[in-house]
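A.B. asks: Below: one structure in structure tokens.
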Amino acid sequence: MHARKPNALFVLPIATPDGVFVAAYSANGLAGLEFPSAVKRAKTRSAKKGITSRVRRWHAATSKALRAALAGRTPPTLPPLDCSSGTRFQRRVWNALRKIAPGKTRSYAEIAKGIGKPKAVRAVGGACGANPIPVLVPCHRVLAANGRLGGFSGTPAWKKTLLAREGAPFRA
DNA sequence: TAAGTGCGTCGTT
DNA sequence: AACGACGCACTTA
């Protein structure tokens with residue numbers, strides 16, 4: 001219904017073996033995470049000034065968590081997540097995603113059932129696609145009912161890579 | 001088996 | 001009113 005903007009105050013880069021991710025922070029926590037993209041490298045330099053120690057702490061946590069996740073390990077601690085950009089329904093889906101352990105997968109239908117809306121299967125797919133914090137909010141662990149990958153807002157290659165690194169099974 | 005079609009369903013725009 | 005990161009039933013080959 002009401003979709004507040006993430007209201008990102010700080011946009012900071014995270015260097016990883018897979019490239020430079022970009023994290024966005026609002027006053028409430030991590031509000032966005034983007035996969036490496038050659039195009040937007042320049043933009044991240046600007047907002048370095050005026051960073052609070054709080055955001056610095058969050059960013060350290062995000063960086064550490066991201067690198068762990070990319071290595072297929074369980075992230076130690078996450079910064080507070082600001083999912084206020086999402087609708088009620090989307091937040092419920094994202095919350096369900098966070099309960100899927102590394103190496104495990106669920107189907108879109110299982111997620112739908114899990115949030116008490118067994119018929120909203122397709123809408124769950126939409127909510128996954130709207131996930132502002134991929135990798136750390138593990139939308140990649142949601143597969144089609146037949147065990148195949150299903151879609152991904154990033155490249156399908158990323159979804160495959162993330163699953164493979166944490167040892168999650170999926171049909172080629 | 002594999003691949004393609006049609007349709008129910010529902011949150012979002 | 002139209003559109004999906006779906007799922008299922010049901011053809012065809």
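Naming scheme: A, B, ... for chains in displayed order of the structure tokens; residues 1 onward per chain; ligands 1 onward as shown.
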What are the closest atom pairs, with distances in Å to one decimal, for each residue of chain C lying within 7 Å of chain A, using only C-alpha atoms (C1' of nucleotides), rows by chain and rising residue number, as CSV?
C.D. replies:
residue,atom,partner,partner_atom,distance
C:DG4,C1',A:Gly126,CA,6.5
C:DA5,C1',A:Gly151,CA,3.5
C:DC6,C1',A:Arg122,CA,4.7
A.B. asks: I'd like the contact shell of B:DG4 - 12 Å cut-off, only C-alpha atoms (C1' of nucleotides), skipping same-chain residues fewer than 6 positions apart - returned as a PyMOL selection string.
C.D. replies: chain C and resi 10-13
A.B. asks: Residues as selected, all heavy atoms, written as a compact mmCIF listing (two decimals), in the first residue's frame, can you do that?
C.D. replies:
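So out_15.txt came out as:
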# COMPACT_ATOMS: atom_id res chain seq x y z
P DC C 10 -5.65 -33.49 -15.84
OP1 DC C 10 -7.10 -33.73 -15.81
OP2 DC C 10 -4.71 -34.50 -15.29
O5' DC C 10 -5.21 -33.17 -17.33
C5' DC C 10 -5.31 -31.81 -17.76
C4' DC C 10 -4.86 -31.68 -19.19
O4' DC C 10 -3.55 -31.06 -19.23
C3' DC C 10 -4.71 -33.01 -19.94
O3' DC C 10 -5.16 -32.85 -21.26
C2' DC C 10 -3.22 -33.26 -19.89
C1' DC C 10 -2.69 -31.84 -20.02
N1 DC C 10 -1.31 -31.67 -19.53
C2 DC C 10 -0.47 -30.75 -20.19
O2 DC C 10 -0.92 -30.11 -21.13
N3 DC C 10 0.81 -30.62 -19.76
C4 DC C 10 1.24 -31.34 -18.73
N4 DC C 10 2.50 -31.17 -18.36
C5 DC C 10 0.41 -32.27 -18.05
C6 DC C 10 -0.86 -32.40 -18.48
P DT C 11 -5.33 -34.18 -22.19
OP1 DT C 11 -6.31 -33.83 -23.21
OP2 DT C 11 -5.48 -35.41 -21.34
O5' DT C 11 -3.92 -34.28 -22.85
C5' DT C 11 -3.85 -34.45 -24.24
C4' DT C 11 -3.46 -33.16 -24.92
O4' DT C 11 -2.50 -32.45 -24.12
C3' DT C 11 -2.80 -33.40 -26.26
O3' DT C 11 -3.24 -32.49 -27.23
C2' DT C 11 -1.31 -33.29 -25.98
C1' DT C 11 -1.25 -32.35 -24.80
N1 DT C 11 -0.20 -32.73 -23.82
C2 DT C 11 1.05 -32.22 -23.99
O2 DT C 11 1.35 -31.47 -24.90
N3 DT C 11 1.97 -32.62 -23.04
C4 DT C 11 1.75 -33.45 -21.97
O4 DT C 11 2.65 -33.73 -21.17
C5 DT C 11 0.40 -33.97 -21.86
C7 DT C 11 0.05 -34.87 -20.74
C6 DT C 11 -0.50 -33.58 -22.78
P DT C 12 -3.38 -33.01 -28.75
OP1 DT C 12 -4.36 -32.11 -29.38
OP2 DT C 12 -3.59 -34.46 -28.79
O5' DT C 12 -1.97 -32.74 -29.40
C5' DT C 12 -0.97 -33.75 -29.30
C4' DT C 12 0.39 -33.18 -29.55
O4' DT C 12 1.06 -33.01 -28.29
C3' DT C 12 1.24 -34.08 -30.41
O3' DT C 12 1.79 -33.34 -31.47
C2' DT C 12 2.30 -34.63 -29.47
C1' DT C 12 2.31 -33.64 -28.31
N1 DT C 12 2.49 -34.31 -26.99
C2 DT C 12 3.68 -34.15 -26.34
O2 DT C 12 4.59 -33.47 -26.77
N3 DT C 12 3.76 -34.80 -25.14
C4 DT C 12 2.81 -35.61 -24.56
O4 DT C 12 3.01 -36.13 -23.47
C5 DT C 12 1.58 -35.72 -25.30
C7 DT C 12 0.46 -36.55 -24.75
C6 DT C 12 1.49 -35.09 -26.48
P DA C 13 2.26 -34.30 -32.72
OP1 DA C 13 2.20 -33.42 -33.91
OP2 DA C 13 1.58 -35.61 -32.73
O5' DA C 13 3.79 -34.55 -32.37
C5' DA C 13 4.64 -33.44 -32.18
C4' DA C 13 5.97 -33.90 -31.61
O4' DA C 13 5.79 -34.37 -30.25
C3' DA C 13 6.58 -35.08 -32.38
O3' DA C 13 7.96 -34.83 -32.55
C2' DA C 13 6.35 -36.26 -31.46
C1' DA C 13 6.48 -35.59 -30.11
N9 DA C 13 5.87 -36.32 -29.01
C8 DA C 13 4.63 -36.90 -28.97
N7 DA C 13 4.36 -37.50 -27.85
C5 DA C 13 5.49 -37.30 -27.07
C6 DA C 13 5.84 -37.69 -25.76
N6 DA C 13 5.04 -38.37 -24.98
N1 DA C 13 7.06 -37.31 -25.31
C2 DA C 13 7.86 -36.62 -26.12
N3 DA C 13 7.64 -36.20 -27.36
C4 DA C 13 6.43 -36.58 -27.78
A.B. asks: Apply DSSP to the backbone of this structure and, from stretch 24-158 of chain A, keep only the residues in alpha helix (DSSP H); write these as an MDAnalysis selection string.
C.D. replies: chainID A and resid 53:70 88:97 108:114 121:129 156:158
A.B. asks: Can you list, as a ChimeraX atom specification, every residue of stretch 63-156 of chain A that DSSP puts in strand (DSSP E or B)?
C.D. replies: /A:81,106-107,142-143
A.B. asks: What would the file look like if the residues just selected were written as an mmCIF file, in the first residue's frame with N, CA and C atoms?
C.D. replies:
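Below is the file that was written, again01.cif:
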data_model
loop_
_atom_site.group_PDB
_atom_site.id
_atom_site.type_symbol
_atom_site.label_atom_id
_atom_site.label_comp_id
_atom_site.auth_asym_id
_atom_site.auth_seq_id
_atom_site.Cartn_x
_atom_site.Cartn_y
_atom_site.Cartn_z
ATOM 1 N N LEU A 81 18.529 -4.192 9.322
ATOM 2 C CA LEU A 81 18.066 -4.066 7.948
ATOM 3 C C LEU A 81 16.869 -3.127 7.886
ATOM 4 N N ARG A 106 13.892 -23.485 -0.681
ATOM 5 C CA ARG A 106 12.433 -23.599 -0.572
ATOM 6 C C ARG A 106 11.878 -23.293 -1.952
ATOM 7 N N SER A 107 10.639 -23.743 -2.173
ATOM 8 C CA SER A 107 9.977 -23.368 -3.423
ATOM 9 C C SER A 107 9.144 -22.112 -3.174
ATOM 10 N N VAL A 142 15.308 -19.555 -3.147
ATOM 11 C CA VAL A 142 13.955 -19.917 -3.547
ATOM 12 C C VAL A 142 13.971 -20.428 -4.989
ATOM 13 N N LEU A 143 13.561 -21.674 -5.152
ATOM 14 C CA LEU A 143 13.583 -22.308 -6.464
ATOM 15 C C LEU A 143 12.169 -22.633 -6.918
#
A.B. asks: Residues of chain B that approach chain A to 7 Å or less, counting only C-alpha atoms (C1' of nucleotides): could you list each one with the shortest pair of atoms and its distance in Å to one decimal, rows by chain and increasing residue number, as CSV?
C.D. replies:
residue,atom,partner,partner_atom,distance
B:DT9,C1',A:Lys119,CA,6.1
B:DC10,C1',A:Ala120,CA,5.3
B:DG11,C1',A:Ala123,CA,5.3
A.B. asks: Suppose we keep all heavy atoms; can you now write the selection as a compact mmCIF listing (two decimals), in the first residue's frame?
C.D. replies:
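Below you can see selection.txt, which holds the result:
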# COMPACT_ATOMS: atom_id res chain seq x y z
P DT B 9 -9.10 -19.75 -8.74
OP1 DT B 9 -9.97 -20.60 -7.93
OP2 DT B 9 -9.63 -18.56 -9.43
O5' DT B 9 -7.90 -19.28 -7.84
C5' DT B 9 -6.58 -19.51 -8.29
C4' DT B 9 -5.61 -18.68 -7.47
O4' DT B 9 -4.52 -18.30 -8.37
C3' DT B 9 -6.17 -17.37 -6.91
O3' DT B 9 -5.64 -17.12 -5.63
C2' DT B 9 -5.71 -16.33 -7.91
C1' DT B 9 -4.41 -16.90 -8.45
N1 DT B 9 -4.16 -16.54 -9.87
C2 DT B 9 -2.87 -16.51 -10.31
O2 DT B 9 -1.93 -16.79 -9.61
N3 DT B 9 -2.72 -16.14 -11.61
C4 DT B 9 -3.72 -15.80 -12.51
O4 DT B 9 -3.46 -15.47 -13.65
C5 DT B 9 -5.06 -15.86 -11.97
C7 DT B 9 -6.21 -15.52 -12.84
C6 DT B 9 -5.21 -16.22 -10.69
P DC B 10 -6.36 -16.04 -4.66
OP1 DC B 10 -6.52 -16.65 -3.33
OP2 DC B 10 -7.52 -15.48 -5.36
O5' DC B 10 -5.26 -14.90 -4.56
C5' DC B 10 -3.93 -15.21 -4.19
C4' DC B 10 -3.06 -13.97 -4.38
O4' DC B 10 -2.71 -13.86 -5.78
C3' DC B 10 -3.79 -12.67 -4.04
O3' DC B 10 -2.84 -11.75 -3.57
C2' DC B 10 -4.27 -12.22 -5.40
C1' DC B 10 -3.05 -12.58 -6.22
N1 DC B 10 -3.26 -12.63 -7.68
C2 DC B 10 -2.15 -12.43 -8.51
O2 DC B 10 -1.04 -12.22 -8.02
N3 DC B 10 -2.34 -12.46 -9.85
C4 DC B 10 -3.55 -12.69 -10.35
N4 DC B 10 -3.68 -12.72 -11.67
C5 DC B 10 -4.68 -12.90 -9.52
C6 DC B 10 -4.49 -12.87 -8.19
P DG B 11 -3.04 -10.92 -2.26
OP1 DG B 11 -2.90 -11.84 -1.14
OP2 DG B 11 -4.27 -10.12 -2.45
O5' DG B 11 -1.79 -9.90 -2.24
C5' DG B 11 -0.50 -10.47 -2.18
C4' DG B 11 0.47 -9.64 -2.99
O4' DG B 11 0.23 -9.82 -4.40
C3' DG B 11 0.39 -8.14 -2.74
O3' DG B 11 1.71 -7.62 -2.79
C2' DG B 11 -0.46 -7.63 -3.90
C1' DG B 11 -0.02 -8.57 -5.01
N9 DG B 11 -1.03 -8.78 -6.05
C8 DG B 11 -2.36 -9.08 -5.87
N7 DG B 11 -2.99 -9.22 -7.00
C5 DG B 11 -2.04 -9.01 -7.97
C6 DG B 11 -2.14 -9.03 -9.39
O6 DG B 11 -3.14 -9.26 -10.09
N1 DG B 11 -0.93 -8.75 -10.01
C2 DG B 11 0.23 -8.49 -9.33
N2 DG B 11 1.29 -8.23 -10.09
N3 DG B 11 0.35 -8.46 -8.01
C4 DG B 11 -0.82 -8.73 -7.40
A.B. asks: Just want the 9 Å neighbourhood of A:Pro36, counted on only C-alpha atoms (C1' of nucleotides), with same-chain residues fewer than 5 positions away dropped. Output as a VMD selection string.
C.D. replies: chain A and resid 18 to 22 41
A.B. asks: Grab the residues selected above and save them as a short mmCIF file (atom, residue, chain, number, x, y, z; two decimals), in the first residue's frame with N, CA and C atoms.
C.D. replies:
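Result file part.cif:
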data_model
loop_
_atom_site.label_atom_id
_atom_site.label_comp_id
_atom_site.auth_asym_id
_atom_site.auth_seq_id
_atom_site.Cartn_x
_atom_site.Cartn_y
_atom_site.Cartn_z
N ASP A 18 34.57 -11.05 -5.82
CA ASP A 18 33.65 -11.12 -6.95
C ASP A 18 33.37 -9.76 -7.56
N GLY A 19 34.04 -8.76 -7.06
CA GLY A 19 33.81 -7.42 -7.58
C GLY A 19 33.32 -6.49 -6.49
N VAL A 20 33.05 -5.27 -6.87
CA VAL A 20 32.64 -4.26 -5.90
C VAL A 20 31.13 -4.17 -5.79
N PHE A 21 30.61 -4.59 -4.65
CA PHE A 21 29.19 -4.44 -4.37
C PHE A 21 28.96 -3.02 -3.87
N VAL A 22 27.70 -2.61 -3.85
CA VAL A 22 27.38 -1.28 -3.34
C VAL A 22 26.28 -1.38 -2.30
N ARG A 41 30.52 2.55 -10.85
CA ARG A 41 31.69 2.63 -9.99
C ARG A 41 31.94 4.05 -9.51
#
A.B. asks: How many Å lie between atom CA of A:Ala61 and atom CA of A:Leu136, rounded to one decimal?
C.D. replies: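 Pair atom CA of A:Ala61 / atom CA of A:Leu136 returns 11.4 Å.
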A.B. asks: Residues within 12 Å of B:DC7, please, as a list in words. Count only C-alpha atoms (C1' of nucleotides); anything in the same chain fewer than 3 positions from it doesn't count.
C.D. replies: DG7, DC8, DA9 and DC10 of chain C
A.B. asks: Just to confirm, what's the straight-line distance from atom CA of A:Lys104 to atom CA of A:Ala168 in Å (one decimal)?
C.D. replies: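 Result for atom CA of A:Lys104 versus atom CA of A:Ala168: 5.6 Å, one decimal.
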